[in-house]
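Trainee: Structure: run.cif, mmCIF, C-alpha atoms and all ligand atoms.
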data_coords
#
loop_
_atom_site.label_atom_id
_atom_site.label_comp_id
_atom_site.auth_asym_id
_atom_site.auth_seq_id
_atom_site.Cartn_x
_atom_site.Cartn_y
_atom_site.Cartn_z
CA MET A 1 -22.00 -1.03 -12.72
CA ASN A 2 -21.11 -1.75 -9.07
CA ILE A 3 -17.82 -3.41 -8.22
CA LEU A 4 -17.14 -4.74 -4.75
CA VAL A 5 -13.49 -4.48 -3.74
CA ILE A 6 -12.31 -6.88 -1.04
CA ASN A 7 -9.08 -6.49 0.91
CA ALA A 8 -8.92 -9.43 3.31
CA GLY A 9 -6.25 -9.95 5.96
CA SER A 10 -5.78 -12.67 8.54
CA SER A 11 -8.36 -11.23 10.94
CA SER A 12 -10.00 -8.44 8.97
CA LEU A 13 -12.01 -8.00 5.80
CA LYS A 14 -12.16 -4.51 4.31
CA TYR A 15 -14.64 -3.76 1.54
CA GLN A 16 -15.74 -0.96 -0.70
CA LEU A 17 -18.68 -0.98 -3.11
CA ILE A 18 -17.81 1.32 -5.99
CA ASP A 19 -20.22 2.74 -8.55
CA MET A 20 -18.10 2.65 -11.69
CA THR A 21 -20.21 5.22 -13.51
CA THR A 22 -19.16 7.92 -11.08
CA GLU A 23 -16.13 6.07 -9.64
CA THR A 24 -17.36 6.81 -6.13
CA ALA A 25 -17.75 4.54 -3.11
CA ARG A 26 -21.39 3.85 -2.25
CA ALA A 27 -20.44 1.95 0.91
CA LYS A 28 -17.28 0.89 2.63
CA GLY A 29 -16.19 -0.69 5.85
CA ASN A 30 -14.25 -3.33 7.69
CA VAL A 31 -15.00 -6.50 9.61
CA GLU A 32 -12.46 -6.47 12.42
CA ARG A 33 -11.31 -9.26 14.75
CA ILE A 34 -12.45 -12.21 12.63
CA GLY A 35 -12.16 -15.39 14.71
CA LEU A 36 -11.42 -13.38 17.86
CA GLU A 37 -13.50 -12.07 20.72
CA GLY A 38 -15.21 -8.74 20.11
CA SER A 39 -15.58 -8.94 16.34
CA VAL A 40 -17.32 -5.97 14.80
CA LEU A 41 -18.35 -4.64 11.42
CA LYS A 42 -17.86 -0.90 10.90
CA HIS A 43 -19.94 0.17 7.92
CA GLN A 44 -20.14 3.55 6.23
CA TYR A 45 -22.80 4.37 3.65
CA ASN A 46 -24.24 7.25 1.66
CA GLY A 47 -20.93 9.09 1.84
CA GLY A 48 -20.65 9.44 5.62
CA ASP A 49 -23.40 7.79 7.72
CA LYS A 50 -21.98 5.10 9.96
CA VAL A 51 -23.18 2.00 11.74
CA GLU A 52 -21.40 -0.60 13.89
CA ILE A 53 -22.60 -4.18 14.14
CA GLN A 54 -21.15 -6.22 17.02
CA GLU A 55 -21.47 -9.87 16.15
CA ASP A 56 -19.59 -13.10 16.61
CA VAL A 57 -17.65 -13.61 13.35
CA GLN A 58 -15.91 -16.97 13.35
CA ASP A 59 -14.31 -16.97 9.89
CA HIS A 60 -14.01 -15.13 6.58
CA LEU A 61 -17.22 -16.71 5.24
CA ALA A 62 -19.18 -15.35 8.21
CA ALA A 63 -17.45 -11.98 7.71
CA PHE A 64 -18.41 -11.84 4.05
CA LYS A 65 -22.02 -12.82 4.86
CA LEU A 66 -22.12 -9.93 7.31
CA VAL A 67 -20.77 -7.54 4.66
CA ILE A 68 -23.44 -8.65 2.19
CA ARG A 69 -26.10 -8.21 4.88
CA ALA A 70 -24.86 -4.68 5.58
CA ILE A 71 -24.75 -3.50 1.96
CA THR A 72 -28.21 -4.94 1.21
CA ASP A 73 -29.81 -3.89 4.51
CA PRO A 74 -33.07 -1.93 4.02
CA GLU A 75 -31.91 0.75 6.45
CA TYR A 76 -28.16 1.21 5.93
CA GLY A 77 -27.60 -0.79 2.75
CA VAL A 78 -27.01 0.79 -0.65
CA ILE A 79 -28.28 -1.98 -2.95
CA SER A 80 -31.31 -4.24 -2.59
CA ASP A 81 -29.81 -7.46 -3.90
CA ILE A 82 -26.40 -9.01 -4.54
CA SER A 83 -27.29 -9.30 -8.22
CA GLU A 84 -26.52 -5.56 -8.35
CA ILE A 85 -22.83 -6.41 -7.78
CA SER A 86 -21.35 -6.94 -11.25
CA ALA A 87 -17.93 -8.13 -10.16
CA ILE A 88 -15.61 -8.49 -7.19
CA GLY A 89 -11.99 -7.32 -7.14
CA HIS A 90 -9.65 -8.90 -4.61
CA ARG A 91 -6.40 -7.37 -3.43
CA MET A 92 -3.34 -9.55 -3.12
CA VAL A 93 -0.12 -8.13 -1.67
CA ASN A 94 2.46 -10.25 -3.47
CA GLY A 95 2.03 -13.12 -5.91
CA GLY A 96 5.75 -13.73 -6.44
CA GLU A 97 6.71 -14.25 -10.08
CA ARG A 98 3.75 -16.64 -10.51
CA PHE A 99 0.94 -14.07 -10.24
CA ILE A 100 1.73 -10.64 -11.58
CA ASP A 101 -1.07 -9.40 -13.85
CA PRO A 102 -4.72 -9.16 -12.75
CA VAL A 103 -6.31 -12.58 -13.19
CA LEU A 104 -9.87 -13.88 -13.37
CA LEU A 105 -10.42 -15.99 -10.26
CA THR A 106 -11.25 -19.70 -10.56
CA ASP A 107 -11.08 -22.56 -8.06
CA GLU A 108 -7.93 -23.74 -9.82
CA ILE A 109 -6.29 -20.36 -9.36
CA ILE A 110 -7.12 -20.45 -5.65
CA GLU A 111 -5.48 -23.88 -5.33
CA THR A 112 -2.37 -22.68 -7.19
CA MET A 113 -2.16 -19.62 -4.94
CA LYS A 114 -2.39 -21.79 -1.84
CA ALA A 115 0.44 -23.97 -3.12
CA GLU A 116 2.74 -21.33 -4.57
CA VAL A 117 2.38 -17.83 -3.20
CA ILE A 118 1.66 -17.92 0.55
CA GLU A 119 5.35 -17.54 1.39
CA PHE A 120 5.70 -14.28 -0.54
CA ALA A 121 3.44 -12.51 1.98
CA PRO A 122 2.92 -14.93 4.87
CA LEU A 123 1.12 -12.31 6.96
CA HIS A 124 -1.22 -11.20 4.17
CA ASN A 125 -1.74 -13.89 1.55
CA PRO A 126 -3.49 -16.58 3.69
CA GLY A 127 -6.17 -14.05 4.73
CA ALA A 128 -6.56 -12.79 1.18
CA ILE A 129 -7.10 -16.34 -0.08
CA MET A 130 -9.64 -17.04 2.68
CA GLY A 131 -11.48 -13.90 1.55
CA MET A 132 -11.50 -15.15 -2.06
CA GLU A 133 -12.83 -18.57 -1.00
CA ALA A 134 -15.60 -16.97 1.06
CA CYS A 135 -16.74 -14.80 -1.84
CA ARG A 136 -16.63 -17.72 -4.30
CA LYS A 137 -18.76 -19.79 -1.93
CA LEU A 138 -21.41 -17.16 -1.48
CA MET A 139 -21.41 -15.67 -4.98
CA PRO A 140 -20.15 -18.44 -7.31
CA ASP A 141 -21.61 -16.83 -10.44
CA THR A 142 -20.14 -13.37 -9.91
CA PRO A 143 -16.92 -12.78 -11.86
CA MET A 144 -13.96 -12.09 -9.59
CA VAL A 145 -10.53 -10.70 -10.34
CA VAL A 146 -7.37 -10.79 -8.25
CA VAL A 147 -5.30 -7.63 -8.48
CA VAL A 148 -1.76 -8.06 -7.22
CA ASP A 149 -0.04 -5.09 -5.61
CA THR A 150 3.29 -5.99 -7.16
CA GLU A 151 1.95 -5.77 -10.73
CA PHE A 152 3.05 -2.16 -11.05
CA PHE A 153 6.67 -3.20 -10.47
CA LYS A 154 6.83 -5.83 -13.20
CA THR A 155 8.57 -3.24 -15.38
CA LEU A 156 11.61 -2.91 -13.08
CA PRO A 157 14.76 -3.75 -15.02
CA ASP A 158 16.70 -6.79 -13.79
CA TYR A 159 19.60 -4.65 -12.54
CA ALA A 160 17.11 -2.86 -10.24
CA TYR A 161 15.30 -5.92 -8.91
CA MET A 162 18.26 -8.27 -8.41
CA TYR A 163 20.23 -8.42 -5.15
CA GLY A 164 23.98 -8.89 -4.99
CA LEU A 165 23.62 -12.51 -3.90
CA PRO A 166 24.71 -15.65 -5.74
CA TYR A 167 22.44 -15.97 -8.78
CA ASP A 168 21.17 -19.41 -7.79
CA VAL A 169 19.12 -18.02 -4.85
CA TYR A 170 17.15 -16.04 -7.39
CA GLU A 171 16.60 -19.15 -9.48
CA GLN A 172 15.85 -21.43 -6.55
CA TYR A 173 13.96 -19.19 -4.11
CA LYS A 174 12.95 -16.29 -6.36
CA ILE A 175 14.73 -13.85 -4.05
CA ARG A 176 14.48 -10.49 -5.79
CA ARG A 177 12.87 -7.08 -5.30
CA TYR A 178 9.07 -7.26 -5.65
CA GLY A 179 8.11 -3.93 -4.05
CA ALA A 180 4.81 -3.20 -2.31
CA HIS A 181 2.07 -0.54 -2.33
CA GLY A 182 2.14 -0.91 -6.13
CA THR A 183 -1.57 -0.23 -6.53
CA SER A 184 -1.16 3.04 -4.65
CA HIS A 185 1.94 4.11 -6.60
CA LYS A 186 0.12 3.30 -9.84
CA TYR A 187 -3.02 5.21 -8.87
CA VAL A 188 -1.21 8.38 -7.74
CA SER A 189 1.16 8.40 -10.70
CA LEU A 190 -1.77 8.18 -13.15
CA ARG A 191 -3.77 10.75 -11.21
CA ALA A 192 -0.81 13.14 -10.97
CA ALA A 193 -0.39 12.98 -14.76
CA GLU A 194 -4.10 13.72 -15.13
CA ILE A 195 -4.02 16.79 -12.90
CA MET A 196 -0.83 17.98 -14.58
CA GLY A 197 -2.69 17.73 -17.90
CA LYS A 198 0.00 15.45 -19.35
CA ALA A 199 0.24 11.89 -20.58
CA PRO A 200 2.08 9.46 -18.25
CA LYS A 201 4.36 8.60 -21.18
CA ASP A 202 5.74 12.14 -21.07
CA LEU A 203 6.55 12.25 -17.36
CA LYS A 204 9.25 11.25 -14.93
CA LEU A 205 7.72 10.95 -11.46
CA ILE A 206 8.79 10.07 -7.94
CA THR A 207 5.87 8.81 -5.86
CA CYS A 208 6.19 8.87 -2.07
CA HIS A 209 3.69 6.65 -0.24
CA LEU A 210 4.31 7.64 3.38
CA GLY A 211 2.06 5.94 5.91
CA ASN A 212 2.56 3.39 8.63
CA GLY A 213 4.34 1.42 5.93
CA SER A 214 6.23 3.67 3.52
CA SER A 215 7.78 3.32 0.09
CA ILE A 216 9.09 5.51 -2.71
CA SER A 217 9.00 4.64 -6.41
CA ALA A 218 10.58 5.99 -9.56
CA VAL A 219 8.16 6.04 -12.49
CA LYS A 220 9.56 6.75 -15.94
CA TYR A 221 7.18 7.40 -18.82
CA GLY A 222 4.33 5.52 -17.08
CA LYS A 223 6.41 2.55 -15.95
CA ALA A 224 7.93 1.84 -12.54
CA ILE A 225 11.70 1.50 -12.83
CA ASP A 226 12.60 1.25 -9.14
CA THR A 227 10.99 1.09 -5.72
CA SER A 228 12.28 1.15 -2.16
CA MET A 229 10.54 -1.95 -0.79
CA GLY A 230 12.21 -5.20 -1.67
CA PHE A 231 11.78 -8.94 -1.33
CA THR A 232 9.40 -8.01 1.50
CA PRO A 233 7.97 -4.67 2.69
CA LEU A 234 10.78 -4.39 5.24
CA GLU A 235 13.31 -2.71 2.97
CA GLY A 236 13.64 0.99 2.27
CA LEU A 237 12.38 3.87 4.36
CA ILE A 238 12.15 3.98 8.14
CA MET A 239 8.52 3.11 8.87
CA GLY A 240 6.11 2.97 11.81
CA THR A 241 7.56 -0.24 13.22
CA ARG A 242 9.87 -1.45 10.42
CA SER A 243 13.57 -0.73 10.30
CA GLY A 244 13.89 -0.22 6.54
CA ASP A 245 17.41 -0.46 5.05
CA LEU A 246 20.08 -2.01 7.29
CA ASP A 247 23.56 -3.37 6.96
CA PRO A 248 22.61 -7.08 6.68
CA ALA A 249 25.50 -7.97 9.01
CA ILE A 250 23.52 -6.36 11.85
CA VAL A 251 20.91 -9.11 11.56
CA THR A 252 23.26 -12.01 12.26
CA TYR A 253 25.20 -9.96 14.84
CA LEU A 254 22.05 -9.20 16.83
CA MET A 255 20.72 -12.72 16.53
CA GLU A 256 23.89 -13.92 18.21
CA LYS A 257 24.03 -11.17 20.84
CA LYS A 258 20.36 -11.42 21.80
CA SER A 259 20.00 -15.18 21.12
CA MET A 260 17.12 -14.56 18.77
CA SER A 261 15.59 -17.13 16.44
CA PRO A 262 14.88 -16.17 12.79
CA ALA A 263 11.19 -15.67 13.66
CA GLU A 264 12.06 -13.46 16.64
CA MET A 265 14.45 -11.42 14.52
CA ASN A 266 11.79 -11.03 11.87
CA ASP A 267 9.35 -9.67 14.46
CA TYR A 268 12.04 -7.40 15.91
CA LEU A 269 12.71 -5.78 12.55
CA ASN A 270 9.07 -5.63 11.46
CA LYS A 271 7.25 -4.79 14.66
CA GLU A 272 9.64 -3.24 17.19
CA SER A 273 11.91 -1.09 15.07
CA GLY A 274 11.46 2.01 12.89
CA ILE A 275 9.84 5.15 14.31
CA LEU A 276 8.58 3.18 17.32
CA GLY A 277 11.94 1.62 18.08
CA VAL A 278 13.98 4.81 17.70
CA SER A 279 11.57 7.16 19.46
CA GLY A 280 10.35 4.74 22.13
CA VAL A 281 7.09 6.71 21.93
CA SER A 282 4.77 5.31 19.26
CA SER A 283 4.56 4.07 15.68
CA ASP A 284 2.01 6.80 14.93
CA LEU A 285 3.77 9.92 13.72
CA ARG A 286 1.19 12.20 15.32
CA ASP A 287 2.20 10.97 18.79
CA VAL A 288 5.88 11.18 17.87
CA GLU A 289 5.49 14.77 16.66
CA ASP A 290 3.70 15.75 19.88
CA ALA A 291 6.54 14.21 21.90
CA ALA A 292 9.18 15.96 19.75
CA ASN A 293 7.40 19.29 20.18
CA ALA A 294 7.45 18.69 23.93
CA GLY A 295 11.23 18.29 23.80
CA ASN A 296 11.67 14.52 23.40
CA LYS A 297 14.98 14.24 21.51
CA ARG A 298 14.57 10.64 20.42
CA ALA A 299 11.17 11.48 18.96
CA GLN A 300 12.77 14.31 16.96
CA LEU A 301 15.59 11.98 15.89
CA ALA A 302 13.07 9.46 14.52
CA ILE A 303 11.38 12.18 12.43
CA ASN A 304 14.73 13.47 11.18
CA MET A 305 15.76 9.95 10.19
CA LEU A 306 12.50 9.38 8.29
CA CYS A 307 12.90 12.65 6.36
CA TYR A 308 16.61 12.20 5.68
CA ARG A 309 16.20 8.75 4.22
CA ALA A 310 13.23 9.84 2.08
CA LYS A 311 15.37 12.72 0.79
CA LYS A 312 18.18 10.30 -0.11
CA TYR A 313 15.77 8.05 -2.01
CA ILE A 314 14.43 11.04 -3.93
CA GLY A 315 17.98 12.05 -4.84
CA SER A 316 18.91 8.57 -5.98
CA TYR A 317 15.72 8.19 -8.02
CA MET A 318 16.37 11.54 -9.69
CA ALA A 319 19.65 10.02 -10.83
CA ALA A 320 17.93 6.80 -11.94
CA LEU A 321 15.29 8.80 -13.85
CA ASP A 322 17.73 11.38 -15.21
CA GLY A 323 15.62 14.21 -13.75
CA VAL A 324 12.11 14.45 -12.38
CA ASP A 325 8.98 16.35 -13.43
CA ALA A 326 6.98 15.87 -10.24
CA ILE A 327 7.23 14.49 -6.74
CA ILE A 328 3.98 13.10 -5.38
CA PHE A 329 3.09 12.68 -1.71
CA THR A 330 0.39 10.24 -0.62
CA ALA A 331 -0.92 8.04 2.27
CA GLY A 332 -1.49 9.05 5.92
CA ILE A 333 1.72 11.02 6.42
CA GLY A 334 2.23 12.12 2.80
CA GLU A 335 -1.30 13.50 2.53
CA ASN A 336 -1.55 15.11 5.95
CA ASN A 337 1.81 15.97 7.40
CA ALA A 338 3.11 19.34 6.17
CA THR A 339 6.12 19.24 8.53
CA VAL A 340 7.42 15.98 7.09
CA ARG A 341 6.85 17.13 3.49
CA LYS A 342 8.77 20.32 4.23
CA CYS A 343 11.56 18.49 6.03
CA ILE A 344 11.98 16.12 3.03
CA CYS A 345 12.01 18.93 0.45
CA ASP A 346 14.19 21.35 2.44
CA GLY A 347 17.58 21.92 0.87
CA LEU A 348 16.66 20.54 -2.54
CA ASP A 349 16.39 23.98 -4.21
CA ASN A 350 19.59 23.34 -6.13
CA MET A 351 18.00 20.23 -7.58
CA GLY A 352 14.99 22.24 -8.78
CA ILE A 353 12.65 21.19 -5.94
CA LYS A 354 11.13 24.12 -4.06
CA LEU A 355 8.15 23.90 -1.73
CA ASP A 356 5.66 26.74 -1.15
CA GLU A 357 5.09 26.77 2.62
CA THR A 358 1.61 28.29 2.38
CA LYS A 359 0.40 25.83 -0.25
CA ASN A 360 2.02 23.04 1.77
CA LYS A 361 -0.51 23.57 4.58
CA VAL A 362 -3.02 21.42 2.65
CA ARG A 363 -4.29 18.19 4.29
CA GLY A 364 -5.85 15.19 2.58
CA LYS A 365 -6.68 16.99 -0.66
CA GLU A 366 -5.22 17.11 -4.14
CA ALA A 367 -3.01 20.17 -4.45
CA PHE A 368 0.15 21.52 -6.04
CA ILE A 369 2.41 22.57 -3.18
CA ASN A 370 5.51 23.67 -5.12
CA ALA A 371 6.65 27.28 -5.40
CA ASP A 372 5.84 28.95 -8.72
CA ASP A 373 9.52 29.00 -9.68
CA SER A 374 10.14 25.36 -8.77
CA ARG A 375 11.39 23.36 -11.78
CA THR A 376 9.74 20.26 -10.32
CA LYS A 377 6.07 20.10 -9.40
CA ILE A 378 5.29 18.83 -5.91
CA ILE A 379 1.80 17.39 -5.60
CA VAL A 380 -0.34 15.93 -2.82
CA VAL A 381 -2.57 13.18 -4.22
CA PRO A 382 -4.76 11.19 -1.80
CA THR A 383 -4.38 7.54 -2.72
CA ASN A 384 -7.30 5.36 -3.78
CA GLU A 385 -6.18 1.75 -4.02
CA GLU A 386 -9.74 0.45 -4.04
CA LEU A 387 -10.65 2.48 -7.11
CA MET A 388 -7.53 1.25 -8.89
CA ILE A 389 -8.49 -2.37 -8.09
CA ALA A 390 -12.05 -1.72 -9.27
CA ARG A 391 -10.78 -0.26 -12.56
CA GLU A 392 -8.50 -3.25 -13.16
CA THR A 393 -11.37 -5.61 -12.29
CA LYS A 394 -13.68 -3.84 -14.72
CA ALA A 395 -11.07 -4.04 -17.47
CA ILE A 396 -10.64 -7.80 -17.05
CA VAL A 397 -14.33 -8.60 -16.64
CA GLY A 398 -15.23 -6.32 -19.55
CA ALA A 399 -12.67 -8.06 -21.73
P1 LIG B 401 -1.58 5.05 6.81
O1 LIG B 401 -0.79 3.81 7.01
O2 LIG B 401 -1.59 5.53 5.41
O3 LIG B 401 -2.96 4.96 7.41
O4 LIG B 401 -0.83 6.21 7.64
C1 LIG B 401 -0.64 6.15 9.02
C2 LIG B 401 0.28 7.30 9.42
O5 LIG B 401 -0.24 8.51 8.89
C3 LIG B 401 0.41 7.50 10.92
O6 LIG B 401 1.78 7.68 11.26
C4 LIG B 401 -0.36 8.77 11.21
O7 LIG B 401 0.29 9.56 12.16
C5 LIG B 401 -0.40 9.49 9.89
N1 LIG B 401 -1.70 10.14 9.69
C6 LIG B 401 -2.84 9.55 9.31
N2 LIG B 401 -3.85 10.44 9.25
C7 LIG B 401 -3.35 11.62 9.63
C8 LIG B 401 -3.89 12.94 9.81
N3 LIG B 401 -5.17 13.20 9.56
N4 LIG B 401 -3.04 13.90 10.20
C9 LIG B 401 -1.73 13.65 10.43
N5 LIG B 401 -1.18 12.43 10.29
C10 LIG B 401 -1.97 11.43 9.91
#
Could you write out this file's structure as C-alpha cells?
Ligand code: AMP
Mentor:
Amino acid sequence: MNILVINAGSSSLKYQLIDMTTETARAKGNVERIGLEGSVLKHQYNGGDKVEIQEDVQDHLAAFKLVIRAITDPEYGVISDISEISAIGHRMVNGGERFIDPVLLTDEIIETMKAEVIEFAPLHNPGAIMGMEACRKLMPDTPMVVVVDTEFFKTLPDYAYMYGLPYDVYEQYKIRRYGAHGTSHKYVSLRAAEIMGKAPKDLKLITCHLGNGSSISAVKYGKAIDTSMGFTPLEGLIMGTRSGDLDPAIVTYLMEKKSMSPAEMNDYLNKESGILGVSGVSSDLRDVEDAANAGNKRAQLAINMLCYRAKKYIGSYMAALDGVDAIIFTAGIGENNATVRKCICDGLDNMGIKLDETKNKVRGKEAFINADDSRTKIIVVPTNEELMIARETKAIVGA
C-alpha cells in the first residue's frame, strides 16, 4: 500500500510517497515558488537519486500535476500509474476547535474549512486547502484524509490551554492554546517509547522539537498535557525569527513607540525577532554558532537565551508531569546540535538528568545520549511527520 503525503503551503507543495509495508519513503520532494518566477520541483527517488525540474507552475493544481508526473515518470518515477496510490494524507497546521481528529476529505469538508479555519493559521491553511482541492480535482476517486497538527494536543486539560483573559474571548473567538508541531511530538513520543521497550501508557516524557520553529511538550502516559506553543506558533521558546514568550505589555508599548500597525507588529515578532533579532547574524543556528565561535557576543547571547528558556520549560514540565522518564530531542537543532543539547542539560544533574558527552556527539540518528547513571533517559529521535500522517491516513481509510 502506497500513501502519498501532501504538505502544501502558500507557495510550496511538499510530498512523500510512502510504502506502508516497509514504512519507507519511495520518493519525496517539493515544488517551490508556486505562482512565482523560477518555480522548480526538487524530486528525490530510490532513497537518494535526485532530479530538478524547472517549469512554470502557476498554481497548486499545476504543482500537483507536476508531482504526479515525477512519481510516475519512466526514468525517475517510482510507480507506473496513479492507481498505485491507495490514499492521500494532507497536513493541516491548525483546525481550531472545529477540526481536531483526522477526517476523511469531502468537498463539503473543504468548504467548511474555507469558512471556519483559515484564521487559525492564516499563513498555512489557505495553501493547505489549495493543495487539497488540487488533489481532489486530479484524483477524485482516491480517498484522502486531513491530519491536523493540533490533534495531539486535544488532551491538554483546560487549565493548561486557557489564558488568563476574560472567559468570553474564549467563547467568542476561541482564543486558547492549540500548540503546533503536534504530529512531530506524537511521532517522537511513540518512537521513544518503542526504543525504550516500554508502553507509552507507562511513561512520562518531555519532547523537545528544536528547529527553525521550536516547541516543547509534556506527554504523560501517552497523552500531551502541555505544550509551549500557544494560540499561534509564536509562543514559547526563542526561535529562528520568532520571539517566543514576552510580557504582552511590550507589544502595545512597541506599537506606540514605533508606530506599528497590528500587521507590522505581527511580522516584527514572527519574522524579525528570536535568534535573528538578538544575534543580528542569522536565523540559522549554524551561522550563529560560527559567529559566536568567532567572538560575536550577541550571537553567543542568542544561543544562551535559547538554551536557558528550553531548560526552564523542561523544569516546569517536570513539575507538571511529577517527574520525567525521558527527554527527547528532535528536528534540525535537536537532532544535530550537540552543543545546544549539552547547554540545555547542563546543571540538571540534581534533577536526575545527566548527559554523556561522548554519546551526545551523535547527529541525525536515533541514540540514547544520557550517562549510564542518569535517572532520566535522554534520547535523540529524528522526527518523521510524514510517516505519522501516513499512518493516521491508513487507519482512517482502513476503517
Ligand atoms: P528545521 O526547522 O527542523 O529544518 O531546523 C532548522 C535549524 O536546524 C537551523 O537552525 C539549522 O541550523 C539547524 N540544522 C539543520 N540541520 C542541521 C545540521 N545538519 N547540523 C546542524 N544544525 C542543523
Trainee: Could I get the residue neighbourhood of ligand LIG 401 (chain B) at 6 Å, counting all atoms listed in the file, as a list in words?
Mentor: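 These are the residues that qualify: Gly211, Asn212, Gly213, Asp284, Leu285, Arg286, Ala331, Gly332, Ile333, Asn336 and Asn337 of chain A.
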Trainee: Could you write out as AutoDock Vina command-line options the box around stretch 165-171 of chain A (axis-aligned, all atoms listed in the file, 8 Å on each side), with centre and edge lengths in Å to one decimal?
Mentor:
--center_x 20.7 --center_y -16.0 --center_z -6.7 --size_x 24.1 --size_y 22.9 --size_z 21.6
Trainee: Have a look at A:Arg26, A:Arg341, A:Lys186, A:Lys174 and name the one nearest to A:Ile369; count only C-alpha atoms.
Mentor: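 Closest to A:Ile369, using only C-alpha atoms: A:Arg341.
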Trainee: Please compute the atom CA of A:Val40-atom CA of A:Ser86 distance, one decimal, in Å.
Mentor: 26.4 Å
Trainee: Near A:Lys42, within 7 Å and counting all atoms listed in the file, which residues show up once chain neighbours fewer than 4 positions away are dropped, as a list in words?
Mentor: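 Once the nearby chain positions are removed, what remains is Gly29, Asn30, Val31, Val51, Glu52 and Ile53 of chain A.
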Trainee: Which residue, A:Leu203, A:Ile85, A:Leu254, A:Ala63, has the smallest gap to A:Leu4 when you use only C-alpha atoms?
Mentor: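 Result for the nearest residue to A:Leu4: A:Ile85.
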Trainee: Can you work out which one of A:Met255, A:Thr393, A:Val57, A:His181 has the shortest atom-to-atom distance to A:Leu105, counting only C-alpha atoms?
Mentor: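 Ranking A:Met255, A:Thr393, A:Val57, A:His181 by distance to A:Leu105, first place goes to A:Thr393.
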Trainee: Show which residues sit within 12 Å of A:Asp322, as a PyMOL selection string. Count only C-alpha atoms, and ignore same-chain residues fewer than 4 positions away.
Mentor: chain A and resi 203-206+218-221+225+314-318+351
